[in-house]
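Note sheet for the following structure.
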Amino acid sequence: MGVGVLRFKSIFYLLLQFGYVFVILLLVGFLLGIGSLFSYFLFGLVIFALFYLISNWALKRRIRKNGIRINTESMTKSVGGGYTGSKIFDMVSEVCAASKKSIPRNIYILRDSSLNAFTFGGGKGAWLVIHEGLLQGLREDEVKAVIGHEIGHVKNWDARFMLILIAIPFIIGLIGRSLLWGGVYGSYGYRRSRGSGAAVTMLIGVVLLVSMFVLQLITLAFSRSREYLADVHGARVAGPEAMSNALLRISSGVQTNDLAAHQSSKMADSLLISPRYLSKKSQIVYWSAFDVDRSGSLDTDELRDAASRAKKVSDGVLSTHPAIHNRIINIAKNFLK
């Protein structure tokens with residue numbers, strides 16, 4: 001899919017999410033009353049804010065404890081994979097210049113052997129975290145492509161969008177559970193008796209829990225569309241071959257280093273360039289079809305062939321990321337038609 005189509009799909013998923021929530025809240029507000037709805041929503045928002053602040057603090061603490069920050073003190077030091085802090089900073093600076101974005105204030109090399117990287121936050125305050133395993137397992141142009149992918153997320157405000165889209169089903173689900181289990185207590189509107197009001201409230205709770213699942217599916221679809229866009233951005237700053245080969249090696253690395261992949265995936269899968277489910281052997285079967293000469297890397301001719309003949313496979317509605325197979329096809333079709 002072209003960039004324009006991918007952006008349209010992302011906007012569509014956003015509008016679908018907000019439209020769905022608006023209709024649901026309008027219905028709940030009519031049945032329970034605006035005051036009750038506001039109280040429930042405010043309670044859910046406070047709980048989510050506390051959950052976010054604690055998890056965000058824990059994530060930053062883990063990074064600071066187990067990582068090397070790229071700053072003036074680490075410029076001449078080795079940070080893994082034969083790279084110095086200065087080399088990593090220069091690569092990030094080059095990618096940010098090509099992306100017309102400010103250099104993130106927080107750049108870390110995480111002491112983790114999995115082939116991964118992620119970003120969170122936005123603007124100058126964004127965090128860019130590169131796993132040491134990525135520096136050891138990828139070539140320099142592929143590392144640059146992964147950095148380009150992550151800066152693409154920052155440029156597109158993906159972490160902030162995902163925060164909002166994750167918060168909505170969380171709050172809706174919290175309200176739904178509260179209504180379901182608490183529906184037999186209290187008064188729920190002057191139009192109904194206590195008994196019928198409780199039954200209706202419990203029914204609304206069930207509807208909200210179902211809605212939570214639907215909203216989560218929309219959020220996952222949005223996440224997959226943004227991964228496609230980030231791949232295109234990484235290919236634009238480092239080349240389609242570099243981005244495709246980075247994905248290929250990352251997929252292979254997760255397969256051979258499953259324990260490290262599961263450890264790093266304790267952070268939200270949507271933050272990572274490669275989530276833990278890529279350890280499934282079926283993923284390897286898909287992208288290996290591209291490597292015709294079995295060289296372990298994809299060249300321009302193999303990518304062009306993929307753009308012309310390869311067909312997509314199912315991404316999976318419950319996945320945060322598209323299949324590696326589809327991501328490579330997407331890159332090939334955007335650059336090597």
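Ordering of the structure tokens sets the chain letters (A, B, ...), residue numbers begin anew at 1 in every chain, and ligands are numbered from 1 in the order given.
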**Request:** Would you mind listing what lies within 10 Å of segment 76-80 of chain A as a list of chain:residue names, with only C-alpha atoms counted and same-chain residues fewer than 3 positions away left out?
**Result:** A:Gly67, A:Ile68, A:Arg69, A:Ile70, A:Asn71, A:Thr72, A:Glu73, A:Tyr83, A:Thr84, A:Gly85, A:Ser86, A:Lys87, A:Ile88, A:Tyr108, A:Ile109, A:Leu110, A:Arg111, A:His131, A:Glu132, A:Gly133, A:Leu134, A:Leu135, A:Gln136
Written selection (N, CA and C atoms) as a PDB file, in the first residue's frame:
```pdb
ATOM      1  N   GLY A  67      20.857   0.460  31.053  1.00  0.00           N
ATOM      2  CA  GLY A  67      21.260   1.036  29.778  1.00  0.00           C
ATOM      3  C   GLY A  67      22.402   2.025  29.887  1.00  0.00           C
ATOM      4  N   ILE A  68      22.933   2.376  28.742  1.00  0.00           N
ATOM      5  CA  ILE A  68      23.992   3.382  28.634  1.00  0.00           C
ATOM      6  C   ILE A  68      23.409   4.582  27.897  1.00  0.00           C
ATOM      7  N   ARG A  69      23.393   5.730  28.547  1.00  0.00           N
ATOM      8  CA  ARG A  69      22.865   6.922  27.890  1.00  0.00           C
ATOM      9  C   ARG A  69      23.934   7.515  26.960  1.00  0.00           C
ATOM     10  N   ILE A  70      23.488   7.877  25.766  1.00  0.00           N
ATOM     11  CA  ILE A  70      24.410   8.491  24.802  1.00  0.00           C
ATOM     12  C   ILE A  70      24.506   9.976  25.119  1.00  0.00           C
ATOM     13  N   ASN A  71      25.601  10.360  25.749  1.00  0.00           N
ATOM     14  CA  ASN A  71      25.856  11.759  26.087  1.00  0.00           C
ATOM     15  C   ASN A  71      27.354  12.031  25.981  1.00  0.00           C
ATOM     16  N   THR A  72      27.783  13.173  26.456  1.00  0.00           N
ATOM     17  CA  THR A  72      29.199  13.546  26.321  1.00  0.00           C
ATOM     18  C   THR A  72      30.125  12.552  27.018  1.00  0.00           C
ATOM     19  N   GLU A  73      29.656  11.925  28.086  1.00  0.00           N
ATOM     20  CA  GLU A  73      30.505  10.999  28.829  1.00  0.00           C
ATOM     21  C   GLU A  73      30.688   9.663  28.114  1.00  0.00           C
ATOM     22  N   TYR A  83      30.351  -0.474  18.352  1.00  0.00           N
ATOM     23  CA  TYR A  83      29.976   0.930  18.207  1.00  0.00           C
ATOM     24  C   TYR A  83      30.399   1.730  19.434  1.00  0.00           C
ATOM     25  N   THR A  84      30.762   2.971  19.191  1.00  0.00           N
ATOM     26  CA  THR A  84      30.988   3.916  20.286  1.00  0.00           C
ATOM     27  C   THR A  84      29.747   4.792  20.429  1.00  0.00           C
ATOM     28  N   GLY A  85      29.670   5.488  21.532  1.00  0.00           N
ATOM     29  CA  GLY A  85      28.562   6.408  21.721  1.00  0.00           C
ATOM     30  C   GLY A  85      28.502   7.461  20.648  1.00  0.00           C
ATOM     31  N   SER A  86      29.677   7.920  20.215  1.00  0.00           N
ATOM     32  CA  SER A  86      29.748   8.932  19.166  1.00  0.00           C
ATOM     33  C   SER A  86      29.172   8.424  17.850  1.00  0.00           C
ATOM     34  N   LYS A  87      29.461   7.160  17.516  1.00  0.00           N
ATOM     35  CA  LYS A  87      28.960   6.580  16.269  1.00  0.00           C
ATOM     36  C   LYS A  87      27.435   6.493  16.295  1.00  0.00           C
ATOM     37  N   ILE A  88      26.882   6.056  17.409  1.00  0.00           N
ATOM     38  CA  ILE A  88      25.425   5.959  17.529  1.00  0.00           C
ATOM     39  C   ILE A  88      24.798   7.349  17.436  1.00  0.00           C
ATOM     40  N   TYR A 108      19.345   5.774  24.498  1.00  0.00           N
ATOM     41  CA  TYR A 108      19.946   4.751  25.362  1.00  0.00           C
ATOM     42  C   TYR A 108      20.261   3.492  24.556  1.00  0.00           C
ATOM     43  N   ILE A 109      21.341   2.835  24.977  1.00  0.00           N
ATOM     44  CA  ILE A 109      21.638   1.473  24.523  1.00  0.00           C
ATOM     45  C   ILE A 109      21.316   0.553  25.698  1.00  0.00           C
ATOM     46  N   LEU A 110      20.307  -0.294  25.515  1.00  0.00           N
ATOM     47  CA  LEU A 110      19.860  -1.174  26.587  1.00  0.00           C
ATOM     48  C   LEU A 110      20.665  -2.470  26.565  1.00  0.00           C
ATOM     49  N   ARG A 111      21.157  -2.881  27.716  1.00  0.00           N
ATOM     50  CA  ARG A 111      21.906  -4.143  27.811  1.00  0.00           C
ATOM     51  C   ARG A 111      20.924  -5.303  27.756  1.00  0.00           C
ATOM     52  N   HIS A 131      18.438  -1.887  21.657  1.00  0.00           N
ATOM     53  CA  HIS A 131      18.982  -3.029  22.386  1.00  0.00           C
ATOM     54  C   HIS A 131      20.389  -3.347  21.879  1.00  0.00           C
ATOM     55  N   GLU A 132      21.249  -3.734  22.803  1.00  0.00           N
ATOM     56  CA  GLU A 132      22.623  -4.088  22.440  1.00  0.00           C
ATOM     57  C   GLU A 132      22.649  -5.239  21.440  1.00  0.00           C
ATOM     58  N   GLY A 133      21.712  -6.168  21.561  1.00  0.00           N
ATOM     59  CA  GLY A 133      21.642  -7.288  20.630  1.00  0.00           C
ATOM     60  C   GLY A 133      21.432  -6.840  19.203  1.00  0.00           C
ATOM     61  N   LEU A 134      20.726  -5.728  19.023  1.00  0.00           N
ATOM     62  CA  LEU A 134      20.497  -5.204  17.682  1.00  0.00           C
ATOM     63  C   LEU A 134      21.813  -4.741  17.061  1.00  0.00           C
ATOM     64  N   LEU A 135      22.661  -4.094  17.855  1.00  0.00           N
ATOM     65  CA  LEU A 135      23.957  -3.625  17.362  1.00  0.00           C
ATOM     66  C   LEU A 135      24.872  -4.787  17.012  1.00  0.00           C
ATOM     67  N   GLN A 136      24.726  -5.890  17.730  1.00  0.00           N
ATOM     68  CA  GLN A 136      25.573  -7.062  17.482  1.00  0.00           C
ATOM     69  C   GLN A 136      25.083  -7.897  16.315  1.00  0.00           C
TER      70      GLN A 136
END
```
**Message:** Would you pick out the contacts of segment 98-104 of chain A at 8 Å or less, using only C-alpha atoms, so that residues sharing its chain but fewer than 3 positions from it are not included, and give the list as a list in words?
**Reply:** Val92, Ser93, Glu94, Val95, Ile107, Gly123, Lys124, Gly125, Ala126, Trp127, Leu128, Ile151, Gly152, Lys155 and Val237 of chain A
Selected residues written out with N, CA and C atoms, as a PDB file, in the first residue's frame:
```pdb
ATOM      1  N   VAL A  92      22.030   8.641  14.663  1.00  0.00           N
ATOM      2  CA  VAL A  92      20.734   9.222  15.040  1.00  0.00           C
ATOM      3  C   VAL A  92      20.611  10.640  14.483  1.00  0.00           C
ATOM      4  N   SER A  93      21.698  11.408  14.567  1.00  0.00           N
ATOM      5  CA  SER A  93      21.685  12.783  14.055  1.00  0.00           C
ATOM      6  C   SER A  93      21.423  12.802  12.557  1.00  0.00           C
ATOM      7  N   GLU A  94      22.051  11.885  11.838  1.00  0.00           N
ATOM      8  CA  GLU A  94      21.864  11.804  10.385  1.00  0.00           C
ATOM      9  C   GLU A  94      20.424  11.459  10.029  1.00  0.00           C
ATOM     10  N   VAL A  95      19.868  10.501  10.745  1.00  0.00           N
ATOM     11  CA  VAL A  95      18.482  10.101  10.486  1.00  0.00           C
ATOM     12  C   VAL A  95      17.524  11.237  10.825  1.00  0.00           C
ATOM     13  N   ILE A 107      18.664   9.103  24.476  1.00  0.00           N
ATOM     14  CA  ILE A 107      19.071   8.003  23.607  1.00  0.00           C
ATOM     15  C   ILE A 107      19.829   7.002  24.470  1.00  0.00           C
ATOM     16  N   GLY A 123       8.318  14.436  20.454  1.00  0.00           N
ATOM     17  CA  GLY A 123       9.100  15.659  20.345  1.00  0.00           C
ATOM     18  C   GLY A 123      10.525  15.485  20.833  1.00  0.00           C
ATOM     19  N   LYS A 124      11.119  16.571  21.365  1.00  0.00           N
ATOM     20  CA  LYS A 124      12.485  16.501  21.869  1.00  0.00           C
ATOM     21  C   LYS A 124      12.592  15.603  23.090  1.00  0.00           C
ATOM     22  N   GLY A 125      11.492  15.440  23.797  1.00  0.00           N
ATOM     23  CA  GLY A 125      11.505  14.607  24.997  1.00  0.00           C
ATOM     24  C   GLY A 125      11.329  13.129  24.730  1.00  0.00           C
ATOM     25  N   ALA A 126      11.308  12.723  23.463  1.00  0.00           N
ATOM     26  CA  ALA A 126      11.133  11.307  23.121  1.00  0.00           C
ATOM     27  C   ALA A 126      12.320  10.485  23.604  1.00  0.00           C
ATOM     28  N   TRP A 127      12.051   9.227  23.894  1.00  0.00           N
ATOM     29  CA  TRP A 127      13.088   8.265  24.267  1.00  0.00           C
ATOM     30  C   TRP A 127      13.310   7.319  23.101  1.00  0.00           C
ATOM     31  N   LEU A 128      14.563   7.163  22.713  1.00  0.00           N
ATOM     32  CA  LEU A 128      14.955   6.187  21.700  1.00  0.00           C
ATOM     33  C   LEU A 128      15.848   5.161  22.385  1.00  0.00           C
ATOM     34  N   ILE A 151      12.405   6.672  14.518  1.00  0.00           N
ATOM     35  CA  ILE A 151      12.218   8.124  14.379  1.00  0.00           C
ATOM     36  C   ILE A 151      10.947   8.403  13.578  1.00  0.00           C
ATOM     37  N   GLY A 152      10.603   7.493  12.669  1.00  0.00           N
ATOM     38  CA  GLY A 152       9.339   7.612  11.947  1.00  0.00           C
ATOM     39  C   GLY A 152       8.160   7.578  12.905  1.00  0.00           C
ATOM     40  N   LYS A 155       8.082  10.962  14.561  1.00  0.00           N
ATOM     41  CA  LYS A 155       7.602  11.976  13.625  1.00  0.00           C
ATOM     42  C   LYS A 155       6.094  11.909  13.451  1.00  0.00           C
ATOM     43  N   VAL A 237      15.113   6.621   4.634  1.00  0.00           N
ATOM     44  CA  VAL A 237      16.352   7.228   5.128  1.00  0.00           C
ATOM     45  C   VAL A 237      17.555   6.301   4.996  1.00  0.00           C
TER      46      VAL A 237
END
```
What are the closest atom pairs, with distances in Å to one decimal, for all residues of segment 77-171 of chain A lying within 9 Å of segment 34-52 of chain A? Consider only C-alpha atoms, order rows by chain and residue number, and present the result as a tab-separated table.
```
residue	atom	partner	partner_atom	distance
A:Leu163	CA	A:Tyr52	CA	8.9
A:Ala167	CA	A:Phe48	CA	6.7
A:Ile168	CA	A:Leu45	CA	8.9
A:Phe170	CA	A:Phe48	CA	7.3
A:Ile171	CA	A:Gly44	CA	4.8
```
Give me a file of those residues, with N, CA and C atoms, as a PDB file, in the first residue's frame.
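Done, and the output landed in out.pdb:
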```pdb
ATOM      1  N   LEU A 163      -1.239   5.865  23.083  1.00  0.00           N
ATOM      2  CA  LEU A 163      -1.607   6.074  24.480  1.00  0.00           C
ATOM      3  C   LEU A 163      -3.096   6.387  24.600  1.00  0.00           C
ATOM      4  N   ALA A 167      -5.984   3.956  26.144  1.00  0.00           N
ATOM      5  CA  ALA A 167      -6.722   4.465  27.297  1.00  0.00           C
ATOM      6  C   ALA A 167      -8.224   4.285  27.122  1.00  0.00           C
ATOM      7  N   ILE A 168      -8.725   4.504  25.900  1.00  0.00           N
ATOM      8  CA  ILE A 168     -10.179   4.473  25.674  1.00  0.00           C
ATOM      9  C   ILE A 168     -10.787   3.109  26.012  1.00  0.00           C
ATOM     10  N   PHE A 170      -9.537   0.791  27.828  1.00  0.00           N
ATOM     11  CA  PHE A 170      -9.258   0.540  29.248  1.00  0.00           C
ATOM     12  C   PHE A 170     -10.345   1.164  30.115  1.00  0.00           C
ATOM     13  N   ILE A 171     -10.673   2.430  29.845  1.00  0.00           N
ATOM     14  CA  ILE A 171     -11.675   3.140  30.634  1.00  0.00           C
ATOM     15  C   ILE A 171     -13.066   2.554  30.390  1.00  0.00           C
TER      16      ILE A 171
END
```
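Shortest separation to Val143 of chain A among A:Val23, A:Ala238, A:Leu53, A:Val5 occurs at residue A:Ala238, atoms counted being only C-alpha atoms.
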**Request:** Between A:Leu180, A:Arg224, A:Ile250, A:Ile24, single out the one closest to Ser297 of chain A, counting only C-alpha atoms.
**Result:**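 The closest residue to Ser297 of chain A is A:Ile250.
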**Message:** Calculated over only C-alpha atoms, which of the candidates A:Leu203, A:Ile166, A:Ile218, A:Ile63 has the smallest distance to Phe12 of chain A?
**Reply:**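 Closest to Phe12 of chain A, using only C-alpha atoms: A:Ile218.
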How would you write, as a PDB file with C-alpha atoms, in the first residue's frame, the set of residues in segment 44-179 of chain A that DSSP gives as alpha helix (DSSP H)?
```pdb
ATOM      1  CA  GLY A  44     -11.605   5.331  34.920  1.00  0.00           C
ATOM      2  CA  LEU A  45      -9.424   8.208  33.742  1.00  0.00           C
ATOM      3  CA  VAL A  46      -7.799   8.558  37.163  1.00  0.00           C
ATOM      4  CA  ILE A  47      -7.098   4.812  37.369  1.00  0.00           C
ATOM      5  CA  PHE A  48      -5.574   4.790  33.870  1.00  0.00           C
ATOM      6  CA  ALA A  49      -3.454   7.868  34.656  1.00  0.00           C
ATOM      7  CA  LEU A  50      -2.069   6.174  37.766  1.00  0.00           C
ATOM      8  CA  PHE A  51      -1.427   2.958  35.834  1.00  0.00           C
ATOM      9  CA  TYR A  52       0.363   4.923  33.077  1.00  0.00           C
ATOM     10  CA  LEU A  53       2.494   6.970  35.474  1.00  0.00           C
ATOM     11  CA  ILE A  54       3.610   3.894  37.414  1.00  0.00           C
ATOM     12  CA  SER A  55       4.390   1.823  34.306  1.00  0.00           C
ATOM     13  CA  ASN A  56       6.149   4.776  32.634  1.00  0.00           C
ATOM     14  CA  TRP A  57       8.247   5.327  35.750  1.00  0.00           C
ATOM     15  CA  ALA A  58       9.102   1.612  35.933  1.00  0.00           C
ATOM     16  CA  LEU A  59      10.098   1.527  32.257  1.00  0.00           C
ATOM     17  CA  LYS A  60      12.373   4.569  32.561  1.00  0.00           C
ATOM     18  CA  ARG A  61      13.887   3.152  35.724  1.00  0.00           C
ATOM     19  CA  ARG A  62      14.691  -0.132  33.992  1.00  0.00           C
ATOM     20  CA  ILE A  63      16.255   1.692  31.042  1.00  0.00           C
ATOM     21  CA  ARG A  64      18.410   3.912  33.271  1.00  0.00           C
ATOM     22  CA  LYS A  65      19.475   0.942  35.390  1.00  0.00           C
ATOM     23  CA  ASN A  66      20.315  -1.403  32.502  1.00  0.00           C
ATOM     24  CA  GLY A  85      28.562   6.408  21.721  1.00  0.00           C
ATOM     25  CA  SER A  86      29.748   8.932  19.166  1.00  0.00           C
ATOM     26  CA  LYS A  87      28.960   6.580  16.269  1.00  0.00           C
ATOM     27  CA  ILE A  88      25.425   5.959  17.529  1.00  0.00           C
ATOM     28  CA  PHE A  89      24.844   9.673  18.090  1.00  0.00           C
ATOM     29  CA  ASP A  90      26.070  10.463  14.576  1.00  0.00           C
ATOM     30  CA  MET A  91      23.704   7.858  13.092  1.00  0.00           C
ATOM     31  CA  VAL A  92      20.734   9.222  15.040  1.00  0.00           C
ATOM     32  CA  SER A  93      21.685  12.783  14.055  1.00  0.00           C
ATOM     33  CA  GLU A  94      21.864  11.804  10.385  1.00  0.00           C
ATOM     34  CA  VAL A  95      18.482  10.101  10.486  1.00  0.00           C
ATOM     35  CA  CYS A  96      16.867  13.002  12.353  1.00  0.00           C
ATOM     36  CA  ALA A  97      18.293  15.504   9.850  1.00  0.00           C
ATOM     37  CA  ALA A  98      16.871  13.465   6.958  1.00  0.00           C
ATOM     38  CA  SER A  99      13.561  13.223   8.827  1.00  0.00           C
ATOM     39  CA  GLU A 132      22.623  -4.088  22.440  1.00  0.00           C
ATOM     40  CA  GLY A 133      21.642  -7.288  20.630  1.00  0.00           C
ATOM     41  CA  LEU A 134      20.497  -5.204  17.682  1.00  0.00           C
ATOM     42  CA  LEU A 135      23.957  -3.625  17.362  1.00  0.00           C
ATOM     43  CA  GLN A 136      25.573  -7.062  17.482  1.00  0.00           C
ATOM     44  CA  GLY A 137      23.210  -8.793  15.063  1.00  0.00           C
ATOM     45  CA  GLU A 140      25.438  -0.719  10.087  1.00  0.00           C
ATOM     46  CA  ASP A 141      23.004   0.224   7.313  1.00  0.00           C
ATOM     47  CA  GLU A 142      20.380  -2.037   8.909  1.00  0.00           C
ATOM     48  CA  VAL A 143      20.863  -0.411  12.315  1.00  0.00           C
ATOM     49  CA  LYS A 144      20.373   2.940  10.611  1.00  0.00           C
ATOM     50  CA  ALA A 145      17.157   1.645   9.021  1.00  0.00           C
ATOM     51  CA  VAL A 146      15.823   0.560  12.416  1.00  0.00           C
ATOM     52  CA  ILE A 147      16.674   3.979  13.845  1.00  0.00           C
ATOM     53  CA  GLY A 148      14.825   5.488  10.885  1.00  0.00           C
ATOM     54  CA  HIS A 149      11.828   3.267  11.658  1.00  0.00           C
ATOM     55  CA  GLU A 150      11.758   4.448  15.267  1.00  0.00           C
ATOM     56  CA  ILE A 151      12.218   8.124  14.379  1.00  0.00           C
ATOM     57  CA  GLY A 152       9.339   7.612  11.947  1.00  0.00           C
ATOM     58  CA  HIS A 153       7.187   6.682  14.944  1.00  0.00           C
ATOM     59  CA  VAL A 154       8.272   9.870  16.713  1.00  0.00           C
ATOM     60  CA  LYS A 155       7.602  11.976  13.625  1.00  0.00           C
ATOM     61  CA  ASP A 158       2.533   7.232  17.169  1.00  0.00           C
ATOM     62  CA  ALA A 159       3.295   6.763  20.877  1.00  0.00           C
ATOM     63  CA  ARG A 160       0.871   9.535  21.827  1.00  0.00           C
ATOM     64  CA  PHE A 161      -1.835   8.256  19.510  1.00  0.00           C
ATOM     65  CA  MET A 162      -1.406   4.754  20.920  1.00  0.00           C
ATOM     66  CA  LEU A 163      -1.607   6.074  24.480  1.00  0.00           C
ATOM     67  CA  ILE A 164      -5.006   7.625  23.736  1.00  0.00           C
ATOM     68  CA  LEU A 165      -6.266   4.574  21.854  1.00  0.00           C
ATOM     69  CA  ILE A 166      -5.165   2.228  24.637  1.00  0.00           C
ATOM     70  CA  ALA A 167      -6.722   4.465  27.297  1.00  0.00           C
ATOM     71  CA  ILE A 168     -10.179   4.473  25.674  1.00  0.00           C
ATOM     72  CA  PRO A 169     -10.914   0.705  25.813  1.00  0.00           C
ATOM     73  CA  PHE A 170      -9.258   0.540  29.248  1.00  0.00           C
ATOM     74  CA  ILE A 171     -11.675   3.140  30.634  1.00  0.00           C
ATOM     75  CA  ILE A 172     -14.677   1.678  28.787  1.00  0.00           C
ATOM     76  CA  GLY A 173     -13.843  -1.777  30.162  1.00  0.00           C
ATOM     77  CA  LEU A 174     -13.428  -0.415  33.683  1.00  0.00           C
ATOM     78  CA  ILE A 175     -16.838   1.274  33.504  1.00  0.00           C
ATOM     79  CA  GLY A 176     -18.353  -1.914  32.074  1.00  0.00           C
ATOM     80  CA  ARG A 177     -16.998  -4.084  34.878  1.00  0.00           C
ATOM     81  CA  SER A 178     -18.154  -1.569  37.496  1.00  0.00           C
ATOM     82  CA  LEU A 179     -21.677  -1.558  36.080  1.00  0.00           C
TER      83      LEU A 179
END
```
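Using only C-alpha atoms for every distance, the candidate list A:Arg7, A:His233, A:Leu336, A:Ser251 yields A:Leu336 as the residue closest to Asp305 of chain A.
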**Which of segment 4-210 of chain A DSSP labels strand (DSSP E or B), written as a PyMOL selection string** = chain A and resi 67-69+78-80+83-84+106-110+117-120+127-131
